[in-house]
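Enquirer: File input-v9.cif below, mmCIF, C-alpha atoms:
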```
data_protein
loop_
_atom_site.group_PDB
_atom_site.id
_atom_site.type_symbol
_atom_site.label_atom_id
_atom_site.label_comp_id
_atom_site.auth_asym_id
_atom_site.auth_seq_id
_atom_site.Cartn_x
_atom_site.Cartn_y
_atom_site.Cartn_z
ATOM 1 C CA MET A 19 9.877 -10.531 -45.513
ATOM 2 C CA PRO A 20 8.420 -13.170 -47.868
ATOM 3 C CA PRO A 21 5.640 -15.426 -46.575
ATOM 4 C CA SER A 22 6.391 -19.005 -45.589
ATOM 5 C CA PRO A 23 5.995 -21.692 -48.286
ATOM 6 C CA LEU A 24 3.213 -23.235 -46.173
ATOM 7 C CA ARG A 25 1.134 -20.052 -46.383
ATOM 8 C CA VAL A 26 1.621 -19.873 -50.149
ATOM 9 C CA HIS A 27 0.598 -23.507 -50.631
ATOM 10 C CA LEU A 28 -2.421 -23.063 -48.362
ATOM 11 C CA ALA A 29 -3.479 -20.056 -50.457
ATOM 12 C CA LEU A 30 -3.134 -22.064 -53.688
ATOM 13 C CA LEU A 31 -5.060 -24.958 -52.162
ATOM 14 C CA ALA A 32 -7.807 -22.587 -51.021
ATOM 15 C CA VAL A 33 -8.075 -21.092 -54.513
ATOM 16 C CA SER A 34 -8.371 -24.548 -56.099
ATOM 17 C CA ILE A 35 -10.990 -25.673 -53.587
ATOM 18 C CA LEU A 36 -13.008 -22.496 -54.113
ATOM 19 C CA PHE A 37 -12.804 -22.875 -57.894
ATOM 20 C CA GLY A 38 -13.792 -26.538 -57.575
ATOM 21 C CA GLY A 39 -16.969 -25.503 -55.797
ATOM 22 C CA THR A 40 -17.746 -23.017 -58.560
ATOM 23 C CA TYR A 41 -18.737 -25.749 -60.998
ATOM 24 C CA VAL A 42 -21.279 -27.301 -58.642
ATOM 25 C CA PHE A 43 -22.825 -24.094 -57.313
ATOM 26 C CA SER A 44 -22.854 -22.382 -60.722
ATOM 27 C CA LYS A 45 -24.667 -25.386 -62.156
ATOM 28 C CA ARG A 46 -27.333 -25.010 -59.457
ATOM 29 C CA VAL A 47 -27.762 -21.342 -60.330
ATOM 30 C CA LEU A 48 -28.014 -22.187 -64.030
ATOM 31 C CA ASP A 49 -30.813 -24.636 -63.299
ATOM 32 C CA ALA A 50 -32.901 -21.606 -62.277
ATOM 33 C CA VAL A 51 -31.401 -18.653 -64.183
ATOM 34 C CA GLY A 52 -30.599 -18.194 -67.877
ATOM 35 C CA PRO A 53 -26.865 -18.354 -68.678
ATOM 36 C CA ALA A 54 -26.719 -14.865 -70.237
ATOM 37 C CA ALA A 55 -28.471 -13.316 -67.238
ATOM 38 C CA TRP A 56 -26.284 -15.189 -64.749
ATOM 39 C CA ALA A 57 -23.062 -14.210 -66.551
ATOM 40 C CA MET A 58 -24.123 -10.565 -66.336
ATOM 41 C CA PHE A 59 -25.275 -10.786 -62.694
ATOM 42 C CA ARG A 60 -22.018 -12.452 -61.639
ATOM 43 C CA ILE A 61 -19.715 -9.928 -63.301
ATOM 44 C CA VAL A 62 -21.712 -6.885 -62.198
ATOM 45 C CA ALA A 63 -21.908 -8.108 -58.596
ATOM 46 C CA ALA A 64 -18.226 -9.109 -58.496
ATOM 47 C CA SER A 65 -17.198 -5.775 -60.021
ATOM 48 C CA ALA A 66 -19.145 -3.884 -57.358
ATOM 49 C CA VAL A 67 -16.855 -5.514 -54.781
ATOM 50 C CA LEU A 68 -13.592 -5.975 -56.694
ATOM 51 C CA VAL A 69 -13.236 -2.602 -58.397
ATOM 52 C CA PRO A 70 -13.319 -0.510 -55.173
ATOM 53 C CA ILE A 71 -10.839 -2.940 -53.559
ATOM 54 C CA ALA A 72 -8.536 -2.796 -56.598
ATOM 55 C CA ILE A 73 -8.679 1.020 -56.702
ATOM 56 C CA TRP A 74 -7.856 1.157 -52.989
ATOM 57 C CA LEU A 75 -4.954 -1.285 -53.372
ATOM 58 C CA LYS A 76 -3.415 0.658 -56.269
ATOM 59 C CA LYS A 77 -2.323 3.170 -53.595
ATOM 60 C CA GLY A 78 -2.612 6.378 -55.585
ATOM 61 C CA ARG A 79 -0.766 5.219 -58.692
ATOM 62 C CA PRO A 80 -2.006 6.976 -61.866
ATOM 63 C CA TRP A 81 -4.446 5.334 -64.248
ATOM 64 C CA PRO A 82 -2.981 3.864 -67.470
ATOM 65 C CA GLU A 83 -2.823 6.030 -70.591
ATOM 66 C CA ARG A 84 -5.687 5.905 -73.095
ATOM 67 C CA ARG A 85 -3.998 3.400 -75.437
ATOM 68 C CA LEU A 86 -3.424 0.973 -72.557
ATOM 69 C CA LEU A 87 -7.015 1.424 -71.396
ATOM 70 C CA LEU A 88 -8.175 0.253 -74.821
ATOM 71 C CA LEU A 89 -5.779 -2.707 -74.791
ATOM 72 C CA LEU A 90 -7.072 -3.688 -71.362
ATOM 73 C CA GLY A 91 -10.549 -3.619 -72.901
ATOM 74 C CA ILE A 92 -9.401 -6.292 -75.368
ATOM 75 C CA ALA A 93 -7.867 -8.262 -72.503
ATOM 76 C CA SER A 94 -11.175 -7.981 -70.636
ATOM 77 C CA LEU A 95 -13.083 -9.226 -73.678
ATOM 78 C CA PHE A 96 -11.084 -12.469 -73.738
ATOM 79 C CA GLY A 97 -10.305 -12.917 -70.035
ATOM 80 C CA VAL A 98 -13.556 -11.866 -68.404
ATOM 81 C CA VAL A 99 -16.400 -11.492 -70.902
ATOM 82 C CA LEU A 100 -15.919 -14.340 -73.413
ATOM 83 C CA ASN A 101 -14.367 -16.458 -70.678
ATOM 84 C CA GLN A 102 -17.440 -16.077 -68.474
ATOM 85 C CA VAL A 103 -20.050 -16.311 -71.239
ATOM 86 C CA LEU A 104 -18.526 -19.464 -72.735
ATOM 87 C CA PHE A 105 -18.115 -20.959 -69.247
ATOM 88 C CA VAL A 106 -21.785 -20.590 -68.285
ATOM 89 C CA GLU A 107 -23.088 -21.519 -71.733
ATOM 90 C CA GLY A 108 -20.900 -24.637 -71.630
ATOM 91 C CA LEU A 109 -21.752 -25.562 -68.032
ATOM 92 C CA LYS A 110 -25.462 -25.193 -68.808
ATOM 93 C CA ARG A 111 -25.014 -28.010 -71.340
ATOM 94 C CA THR A 112 -22.589 -30.300 -69.504
ATOM 95 C CA THR A 113 -21.750 -31.584 -66.022
ATOM 96 C CA PRO A 114 -19.531 -29.956 -63.371
ATOM 97 C CA ALA A 115 -17.181 -32.958 -63.591
ATOM 98 C CA HIS A 116 -16.690 -32.583 -67.346
ATOM 99 C CA SER A 117 -16.351 -28.805 -67.129
ATOM 100 C CA SER A 118 -13.696 -29.023 -64.401
ATOM 101 C CA VAL A 119 -11.522 -31.512 -66.318
ATOM 102 C CA VAL A 120 -11.715 -29.538 -69.556
ATOM 103 C CA ASN A 121 -10.780 -26.336 -67.697
ATOM 104 C CA ALA A 122 -7.860 -28.093 -66.014
ATOM 105 C CA CYS A 123 -6.207 -27.891 -69.444
ATOM 106 C CA ILE A 124 -5.995 -24.082 -69.349
ATOM 107 C CA PRO A 125 -2.224 -24.093 -68.557
ATOM 108 C CA ILE A 126 -1.683 -26.340 -71.595
ATOM 109 C CA TRP A 127 -3.799 -24.095 -73.844
ATOM 110 C CA THR A 128 -1.859 -21.094 -72.497
ATOM 111 C CA LEU A 129 1.434 -22.767 -73.399
ATOM 112 C CA LEU A 130 0.173 -23.490 -76.914
ATOM 113 C CA ALA A 131 -1.104 -19.911 -77.324
ATOM 114 C CA ALA A 132 2.265 -18.583 -76.098
ATOM 115 C CA VAL A 133 4.081 -20.764 -78.640
ATOM 116 C CA ILE A 134 1.840 -19.458 -81.448
ATOM 117 C CA ALA A 135 2.494 -15.882 -80.264
ATOM 118 C CA GLY A 136 6.251 -16.497 -80.240
ATOM 119 C CA GLN A 137 6.586 -16.136 -76.457
ATOM 120 C CA GLU A 138 7.586 -19.763 -75.815
ATOM 121 C CA ARG A 139 9.463 -22.523 -77.629
ATOM 122 C CA LEU A 140 7.898 -25.916 -78.276
ATOM 123 C CA GLY A 141 10.296 -28.724 -77.333
ATOM 124 C CA PRO A 142 9.780 -32.489 -76.958
ATOM 125 C CA ARG A 143 8.485 -32.414 -73.373
ATOM 126 C CA ARG A 144 6.042 -29.641 -74.110
ATOM 127 C CA LEU A 145 4.825 -31.509 -77.186
ATOM 128 C CA GLY A 146 4.284 -34.526 -74.947
ATOM 129 C CA ALA A 147 2.380 -32.402 -72.428
ATOM 130 C CA ILE A 148 0.064 -31.060 -75.118
ATOM 131 C CA ALA A 149 -0.470 -34.557 -76.578
ATOM 132 C CA LEU A 150 -1.400 -35.984 -73.176
ATOM 133 C CA ALA A 151 -3.840 -33.176 -72.419
ATOM 134 C CA LEU A 152 -5.447 -33.397 -75.859
ATOM 135 C CA GLY A 153 -5.726 -37.159 -75.477
ATOM 136 C CA GLY A 154 -7.450 -36.763 -72.132
ATOM 137 C CA VAL A 155 -9.902 -34.175 -73.407
ATOM 138 C CA GLN A 156 -10.799 -36.104 -76.552
ATOM 139 C CA TYR A 157 -11.426 -39.218 -74.453
ATOM 140 C CA LEU A 158 -13.634 -37.227 -72.091
ATOM 141 C CA LEU A 159 -15.535 -35.718 -75.024
ATOM 142 C CA GLY A 160 -16.108 -39.213 -76.378
ATOM 143 C CA LEU A 161 -14.854 -38.496 -79.877
ATOM 144 C CA ASP A 162 -14.049 -42.187 -80.229
ATOM 145 C CA ARG A 163 -17.704 -43.015 -79.434
ATOM 146 C CA LEU A 164 -18.805 -40.480 -82.007
ATOM 147 C CA LEU A 165 -16.665 -42.137 -84.671
ATOM 148 C CA LEU A 166 -17.704 -45.657 -83.693
ATOM 149 C CA GLY A 167 -21.360 -44.811 -83.131
ATOM 150 C CA THR A 168 -21.481 -46.264 -79.599
ATOM 151 C CA THR A 169 -23.762 -44.981 -76.836
ATOM 152 C CA PRO A 170 -22.581 -42.609 -74.094
ATOM 153 C CA ASP A 171 -21.876 -43.800 -70.546
ATOM 154 C CA ALA A 172 -24.913 -43.637 -68.251
ATOM 155 C CA ALA A 173 -22.795 -41.946 -65.578
ATOM 156 C CA ASP A 174 -22.147 -39.049 -67.965
ATOM 157 C CA ASP A 175 -25.837 -38.164 -68.346
ATOM 158 C CA GLY A 176 -26.169 -34.413 -68.630
ATOM 159 C CA ALA A 177 -22.876 -33.939 -70.481
ATOM 160 C CA THR A 178 -23.072 -32.968 -74.152
ATOM 161 C CA LEU A 179 -20.402 -32.547 -76.777
ATOM 162 C CA LEU A 180 -21.548 -28.967 -77.402
ATOM 163 C CA GLY A 181 -21.279 -28.122 -73.703
ATOM 164 C CA ASP A 182 -17.783 -29.567 -73.462
ATOM 165 C CA LEU A 183 -16.636 -27.776 -76.632
ATOM 166 C CA LEU A 184 -17.981 -24.447 -75.350
ATOM 167 C CA THR A 185 -16.079 -25.081 -72.124
ATOM 168 C CA MET A 186 -12.914 -25.745 -74.116
ATOM 169 C CA LEU A 187 -13.406 -22.451 -75.959
ATOM 170 C CA ASN A 188 -13.734 -20.792 -72.560
ATOM 171 C CA GLY A 189 -10.304 -22.160 -71.678
ATOM 172 C CA TRP A 190 -8.848 -20.998 -74.983
ATOM 173 C CA SER A 191 -10.303 -17.536 -74.460
ATOM 174 C CA PHE A 192 -8.612 -17.279 -71.062
ATOM 175 C CA ALA A 193 -5.341 -18.583 -72.508
ATOM 176 C CA ILE A 194 -5.392 -15.852 -75.179
ATOM 177 C CA HIS A 195 -6.112 -13.333 -72.425
ATOM 178 C CA LEU A 196 -3.063 -14.428 -70.420
ATOM 179 C CA VAL A 197 -0.748 -14.315 -73.417
ATOM 180 C CA PHE A 198 -2.102 -10.925 -74.517
ATOM 181 C CA LEU A 199 -1.835 -9.522 -71.000
ATOM 182 C CA ARG A 200 1.763 -10.726 -70.776
ATOM 183 C CA ARG A 201 2.558 -8.742 -73.912
ATOM 184 C CA ILE A 202 0.900 -5.462 -72.867
ATOM 185 C CA GLY A 203 1.156 -5.689 -69.098
ATOM 186 C CA ARG A 204 4.866 -5.486 -68.351
ATOM 187 C CA GLY A 205 5.228 -3.054 -65.476
ATOM 188 C CA LEU A 206 1.452 -2.562 -65.227
ATOM 189 C CA ASP A 207 0.048 -2.590 -61.706
ATOM 190 C CA SER A 208 -2.056 -5.756 -61.342
ATOM 191 C CA TRP A 209 -4.739 -4.002 -59.275
ATOM 192 C CA LEU A 210 -5.093 -1.209 -61.805
ATOM 193 C CA ALA A 211 -5.417 -3.795 -64.562
ATOM 194 C CA THR A 212 -8.063 -5.679 -62.562
ATOM 195 C CA ALA A 213 -10.116 -2.526 -61.946
ATOM 196 C CA VAL A 214 -10.002 -1.465 -65.604
ATOM 197 C CA MET A 215 -10.806 -4.934 -66.971
ATOM 198 C CA PHE A 216 -13.798 -5.413 -64.698
ATOM 199 C CA LEU A 217 -15.131 -1.954 -65.565
ATOM 200 C CA TRP A 218 -14.861 -2.894 -69.251
ATOM 201 C CA ALA A 219 -16.497 -6.250 -68.484
ATOM 202 C CA VAL A 220 -19.545 -4.593 -66.918
ATOM 203 C CA LEU A 221 -20.110 -2.627 -70.139
ATOM 204 C CA LEU A 222 -19.430 -5.511 -72.526
ATOM 205 C CA ILE A 223 -21.243 -8.270 -70.691
ATOM 206 C CA GLY A 224 -24.116 -5.880 -69.944
ATOM 207 C CA ALA A 225 -24.600 -5.406 -73.690
ATOM 208 C CA TYR A 226 -24.763 -9.205 -74.060
ATOM 209 C CA GLY A 227 -26.795 -10.171 -71.008
ATOM 210 C CA ALA A 228 -29.203 -7.296 -70.415
ATOM 211 C CA PRO A 229 -31.406 -7.925 -73.499
ATOM 212 C CA GLN A 230 -31.787 -11.580 -72.462
ATOM 213 C CA ALA A 231 -32.264 -11.100 -68.713
ATOM 214 C CA THR A 232 -35.805 -11.179 -67.359
ATOM 215 C CA ALA A 233 -37.512 -10.207 -64.121
ATOM 216 C CA ASP A 234 -37.910 -13.945 -63.447
ATOM 217 C CA ASP A 235 -34.128 -14.382 -63.674
ATOM 218 C CA LEU A 236 -33.590 -11.630 -61.119
ATOM 219 C CA ASP A 237 -36.233 -13.068 -58.795
ATOM 220 C CA ALA A 238 -34.688 -16.530 -59.082
ATOM 221 C CA VAL A 239 -31.138 -15.406 -58.296
ATOM 222 C CA LEU A 240 -32.359 -13.444 -55.258
ATOM 223 C CA THR A 241 -34.371 -16.350 -53.847
ATOM 224 C CA PRO A 242 -32.789 -18.973 -51.540
ATOM 225 C CA PRO A 243 -31.285 -21.508 -52.043
ATOM 226 C CA VAL A 244 -30.179 -20.140 -55.444
ATOM 227 C CA LEU A 245 -29.143 -16.917 -53.681
ATOM 228 C CA TRP A 246 -26.673 -18.800 -51.422
ATOM 229 C CA CYS A 247 -25.111 -20.527 -54.440
ATOM 230 C CA ALA A 248 -24.859 -17.189 -56.279
ATOM 231 C CA LEU A 249 -23.236 -15.483 -53.283
ATOM 232 C CA TYR A 250 -20.668 -18.296 -53.041
ATOM 233 C CA VAL A 251 -19.737 -17.893 -56.715
ATOM 234 C CA VAL A 252 -19.498 -14.088 -56.512
ATOM 235 C CA LEU A 253 -17.810 -13.620 -53.133
ATOM 236 C CA PHE A 254 -15.690 -16.737 -52.731
ATOM 237 C CA ALA A 255 -15.052 -18.084 -56.235
ATOM 238 C CA THR A 256 -14.604 -14.670 -57.884
ATOM 239 C CA VAL A 257 -13.655 -11.913 -55.428
ATOM 240 C CA LEU A 258 -11.628 -13.970 -52.936
ATOM 241 C CA THR A 259 -9.817 -15.992 -55.603
ATOM 242 C CA TYR A 260 -8.900 -12.791 -57.491
ATOM 243 C CA LEU A 261 -7.349 -11.511 -54.264
ATOM 244 C CA LEU A 262 -5.547 -14.730 -53.279
ATOM 245 C CA ASN A 263 -4.243 -15.866 -56.666
ATOM 246 C CA PRO A 264 -2.106 -12.790 -57.557
ATOM 247 C CA TRP A 265 -0.615 -12.827 -54.053
ATOM 248 C CA ALA A 266 0.319 -16.513 -54.345
ATOM 249 C CA LEU A 267 1.720 -16.032 -57.862
ATOM 250 C CA ARG A 268 4.102 -13.345 -56.582
ATOM 251 C CA HIS A 269 5.641 -15.846 -54.175
ATOM 252 C CA THR A 270 5.876 -19.078 -56.180
ATOM 253 C CA HIS A 271 6.379 -20.461 -59.691
ATOM 254 C CA SER A 272 3.568 -20.598 -62.232
ATOM 255 C CA SER A 273 4.291 -24.335 -62.608
ATOM 256 C CA THR A 274 3.312 -24.861 -58.981
ATOM 257 C CA VAL A 275 0.054 -23.004 -59.578
ATOM 258 C CA ALA A 276 -0.637 -25.208 -62.613
ATOM 259 C CA LEU A 277 -0.353 -28.412 -60.593
ATOM 260 C CA TYR A 278 -2.920 -27.210 -58.071
ATOM 261 C CA ILE A 279 -5.507 -27.043 -60.870
ATOM 262 C CA ASN A 280 -5.723 -30.841 -60.551
ATOM 263 C CA VAL A 281 -7.510 -30.343 -57.236
ATOM 264 C CA GLN A 282 -10.494 -28.616 -58.861
ATOM 265 C CA PRO A 283 -12.062 -31.655 -60.614
ATOM 266 C CA LEU A 284 -11.702 -33.728 -57.427
ATOM 267 C CA VAL A 285 -13.472 -31.029 -55.405
ATOM 268 C CA ALA A 286 -16.197 -30.676 -58.040
ATOM 269 C CA VAL A 287 -16.884 -34.422 -58.035
ATOM 270 C CA ALA A 288 -16.706 -34.812 -54.238
ATOM 271 C CA LEU A 289 -19.005 -31.840 -53.618
ATOM 272 C CA GLY A 290 -21.406 -32.839 -56.371
ATOM 273 C CA THR A 291 -21.626 -36.386 -55.012
ATOM 274 C CA ALA A 292 -22.214 -35.072 -51.484
ATOM 275 C CA LEU A 293 -25.124 -33.018 -52.841
ATOM 276 C CA GLY A 294 -26.691 -35.981 -54.625
ATOM 277 C CA ALA A 295 -25.063 -36.124 -58.054
ATOM 278 C CA PRO A 296 -23.958 -39.554 -59.350
ATOM 279 C CA LEU A 297 -20.275 -40.388 -59.585
ATOM 280 C CA PRO A 298 -18.861 -39.770 -63.072
ATOM 281 C CA GLY A 299 -17.984 -42.627 -65.375
ATOM 282 C CA HIS A 300 -14.535 -44.035 -66.005
ATOM 283 C CA ARG A 301 -13.849 -41.467 -68.730
ATOM 284 C CA PHE A 302 -13.621 -38.717 -66.120
ATOM 285 C CA TYR A 303 -10.858 -40.520 -64.225
ATOM 286 C CA VAL A 304 -8.904 -41.505 -67.347
ATOM 287 C CA ALA A 305 -9.134 -37.956 -68.708
ATOM 288 C CA LEU A 306 -8.118 -36.456 -65.346
ATOM 289 C CA ALA A 307 -5.082 -38.758 -65.187
ATOM 290 C CA LEU A 308 -3.982 -37.830 -68.726
ATOM 291 C CA VAL A 309 -4.489 -34.095 -68.176
ATOM 292 C CA SER A 310 -2.650 -34.282 -64.832
ATOM 293 C CA ALA A 311 0.244 -36.102 -66.497
ATOM 294 C CA GLY A 312 0.359 -33.407 -69.174
ATOM 295 C CA LEU A 313 0.438 -30.643 -66.546
ATOM 296 C CA TRP A 314 3.190 -32.422 -64.638
ATOM 297 C CA LEU A 315 5.257 -32.881 -67.797
ATOM 298 C CA GLN A 316 4.812 -29.216 -68.671
ATOM 299 C CA THR A 317 6.192 -28.162 -65.278
ATOM 300 C CA LYS A 318 9.295 -30.273 -65.965
ATOM 301 C CA ALA A 319 9.856 -28.887 -69.440
ATOM 302 C CA ARG A 320 12.876 -26.663 -69.898
ATOM 303 C CA ASP A 321 13.155 -26.938 -73.668
#
```
Please render this file's structure as structure tokens.
Expert:
Amino acid sequence: MPPSPLRVHLALLAVSILFGGTYVFSKRVLDAVGPAAWAMFRIVAASAVLVPIAIWLKKGRPWPERRLLLLLGIASLFGVVLNQVLFVEGLKRTTPAHSSVVNACIPIWTLLAAVIAGQERLGPRRLGAIALALGGVQYLLGLDRLLLGTTPDAADDGATLLGDLLTMLNGWSFAIHLVFLRRIGRGLDSWLATAVMFLWAVLLIGAYGAPQATADDLDAVLTPPVLWCALYVVLFATVLTYLLNPWALRHTHSSTVALYINVQPLVAVALGTALGAPLPGHRFYVALALVSAGLWLQTKARD
């Protein structure tokens, strides 16, 4: 018996709220821990919880063949490793508000990547959706200020163009991951895929983060209050969301999931403000409105 629509929507709302908190709490961790070290700590800790759960949930089904294991390694590179590294490197150099709006464009980047890969067609509404999202992101990045030579908004202190661009690359990396996984993952058990990708991620991100991690980084991440922020990101924003999101996706349309992404920037700003951060400038709200309009238009596209 399928779950009630209310339960599905509550799960999607919970995922978006948890992801919204990720930006604020990850930023607090990054104030004390190097981004390479934190990326490695997060993936290793999340894998220690997620992989046993995924193996248990696969219910005795056989592991994929060797070729598929290698393809899942590529999927892990884009969807876990590069995604996480670019996210933390970008967030280190920008604000949670900026990062959350840029990442709200992931469904649009996924559509564009699917069109390039020949999985989707690009009609007028989808072109409009992409144009709106790109317009919102460029306004948030302040490319017009760069061209005109004007000064940045005081409310956007802490945001840099490099940080926002790295965050955009994080979104593109995850979009490529989704399109690639769609091509190789037909009929593949989602829990098996999760277990394999996180095992690959531990190896790959360990090679990146271990040489840069220090004893001071480990001490910092294990010391409150940084420890509480780190535990939130690992247990709630990684493990719990990985468990809730696939369940919700099985019982609703991907377009519905895309619309819930709009909640994340609002949560990031509300939580950040509650913890003492200033409200973002007008560019945040204009960009959020344009990106939200693009997401809405994409959900209506049938061409």
Enquirer: Tell me which residues the PyMOL selection byres ((chain A and resi 264) around 12) grabs here, as a list of chain:residue names.
Expert: A:Val26, A:Ala29, A:Leu30, A:Val33, A:Ala72, A:Asp207, A:Ser208, A:Trp209, A:Ala211, A:Thr212, A:Val257, A:Leu258, A:Thr259, A:Tyr260, A:Leu261, A:Leu262, A:Asn263, A:Trp265, A:Ala266, A:Leu267, A:Arg268, A:His269, A:Thr270, A:His271, A:Ser272, A:Val275
Enquirer: Would you mind reading off the distance between atom CA of A:Pro229 and atom CA of A:Leu253, one decimal, in Å?
Expert: 25.1 Å
Enquirer: Please determine, counting only C-alpha atoms, which residue among A:Trp81, A:Phe216, A:Phe198, A:Tyr157 has the shortest atom-to-atom distance to A:Asp182.
Expert: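 Selected residue with least distance to A:Asp182: A:Tyr157.
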Enquirer: Show me the residues close to (-5.5, -30.4, -78.5) - anything with an atom within 12 Å, counting all atoms listed in the file - and format the list as a PyMOL selection string.
Expert: chain A and resi 120+123-124+126-131+145-157+159+183+186-187+189-190+309+312
Enquirer: Let's have the selection written as a PDB file, in the coordinates of the input, with C-alpha atoms.
Expert:
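Listed below is the output, part-v4.pdb:
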```pdb
ATOM      1  CA  VAL A 120     -11.715 -29.538 -69.556  1.00  0.00           C
ATOM      2  CA  CYS A 123      -6.207 -27.891 -69.444  1.00  0.00           C
ATOM      3  CA  ILE A 124      -5.995 -24.082 -69.349  1.00  0.00           C
ATOM      4  CA  ILE A 126      -1.683 -26.340 -71.595  1.00  0.00           C
ATOM      5  CA  TRP A 127      -3.799 -24.095 -73.844  1.00  0.00           C
ATOM      6  CA  THR A 128      -1.859 -21.094 -72.497  1.00  0.00           C
ATOM      7  CA  LEU A 129       1.434 -22.767 -73.399  1.00  0.00           C
ATOM      8  CA  LEU A 130       0.173 -23.490 -76.914  1.00  0.00           C
ATOM      9  CA  ALA A 131      -1.104 -19.911 -77.324  1.00  0.00           C
ATOM     10  CA  LEU A 145       4.825 -31.509 -77.186  1.00  0.00           C
ATOM     11  CA  GLY A 146       4.284 -34.526 -74.947  1.00  0.00           C
ATOM     12  CA  ALA A 147       2.380 -32.402 -72.428  1.00  0.00           C
ATOM     13  CA  ILE A 148       0.064 -31.060 -75.118  1.00  0.00           C
ATOM     14  CA  ALA A 149      -0.470 -34.557 -76.578  1.00  0.00           C
ATOM     15  CA  LEU A 150      -1.400 -35.984 -73.176  1.00  0.00           C
ATOM     16  CA  ALA A 151      -3.840 -33.176 -72.419  1.00  0.00           C
ATOM     17  CA  LEU A 152      -5.447 -33.397 -75.859  1.00  0.00           C
ATOM     18  CA  GLY A 153      -5.726 -37.159 -75.477  1.00  0.00           C
ATOM     19  CA  GLY A 154      -7.450 -36.763 -72.132  1.00  0.00           C
ATOM     20  CA  VAL A 155      -9.902 -34.175 -73.407  1.00  0.00           C
ATOM     21  CA  GLN A 156     -10.799 -36.104 -76.552  1.00  0.00           C
ATOM     22  CA  TYR A 157     -11.426 -39.218 -74.453  1.00  0.00           C
ATOM     23  CA  LEU A 159     -15.535 -35.718 -75.024  1.00  0.00           C
ATOM     24  CA  LEU A 183     -16.636 -27.776 -76.632  1.00  0.00           C
ATOM     25  CA  MET A 186     -12.914 -25.745 -74.116  1.00  0.00           C
ATOM     26  CA  LEU A 187     -13.406 -22.451 -75.959  1.00  0.00           C
ATOM     27  CA  GLY A 189     -10.304 -22.160 -71.678  1.00  0.00           C
ATOM     28  CA  TRP A 190      -8.848 -20.998 -74.983  1.00  0.00           C
ATOM     29  CA  VAL A 309      -4.489 -34.095 -68.176  1.00  0.00           C
ATOM     30  CA  GLY A 312       0.359 -33.407 -69.174  1.00  0.00           C
TER      31      GLY A 312
END
```
Enquirer: Applying the PyMOL selection byres ((chain A and resi 39) around 8) to the file I just gave you, which residues come out? Please list them as a short mmCIF file (atom, residue, chain, number, x, y, z; two decimals) with C-alpha atoms, keeping the file's coordinate frame.
Expert:
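part_0.cif written:
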```cif
data_model
loop_
_atom_site.label_atom_id
_atom_site.label_comp_id
_atom_site.auth_asym_id
_atom_site.auth_seq_id
_atom_site.Cartn_x
_atom_site.Cartn_y
_atom_site.Cartn_z
CA ILE A 35 -10.99 -25.67 -53.59
CA LEU A 36 -13.01 -22.50 -54.11
CA PHE A 37 -12.80 -22.88 -57.89
CA GLY A 38 -13.79 -26.54 -57.58
CA THR A 40 -17.75 -23.02 -58.56
CA TYR A 41 -18.74 -25.75 -61.00
CA VAL A 42 -21.28 -27.30 -58.64
CA PHE A 43 -22.82 -24.09 -57.31
CA ALA A 255 -15.05 -18.08 -56.24
CA GLN A 282 -10.49 -28.62 -58.86
CA VAL A 285 -13.47 -31.03 -55.40
CA ALA A 286 -16.20 -30.68 -58.04
CA LEU A 289 -19.00 -31.84 -53.62
#
```
Enquirer: Out of A:Leu95, A:Leu293, A:Leu313, A:Leu245, which residue has the shortest atom-to-atom distance to A:Val220 when counting all atoms listed in the file?
Expert: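 Closest candidate: A:Leu95.
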Enquirer: Can you spell out as an NGL selection string the set of residues that the PyMOL selection byres ((chain A and resi 54) around 10) selects in the structure I just provided?
Expert: :A and (48 or 51-53 or 55-59 or 102-104 or 106-107 or 223-224 or 226-231 or 235)
Enquirer: A:Arg143, A:His195, A:Arg25, A:Lys45: which is nearest A:Lys318, counting only C-alpha atoms?
Expert: A:Arg143
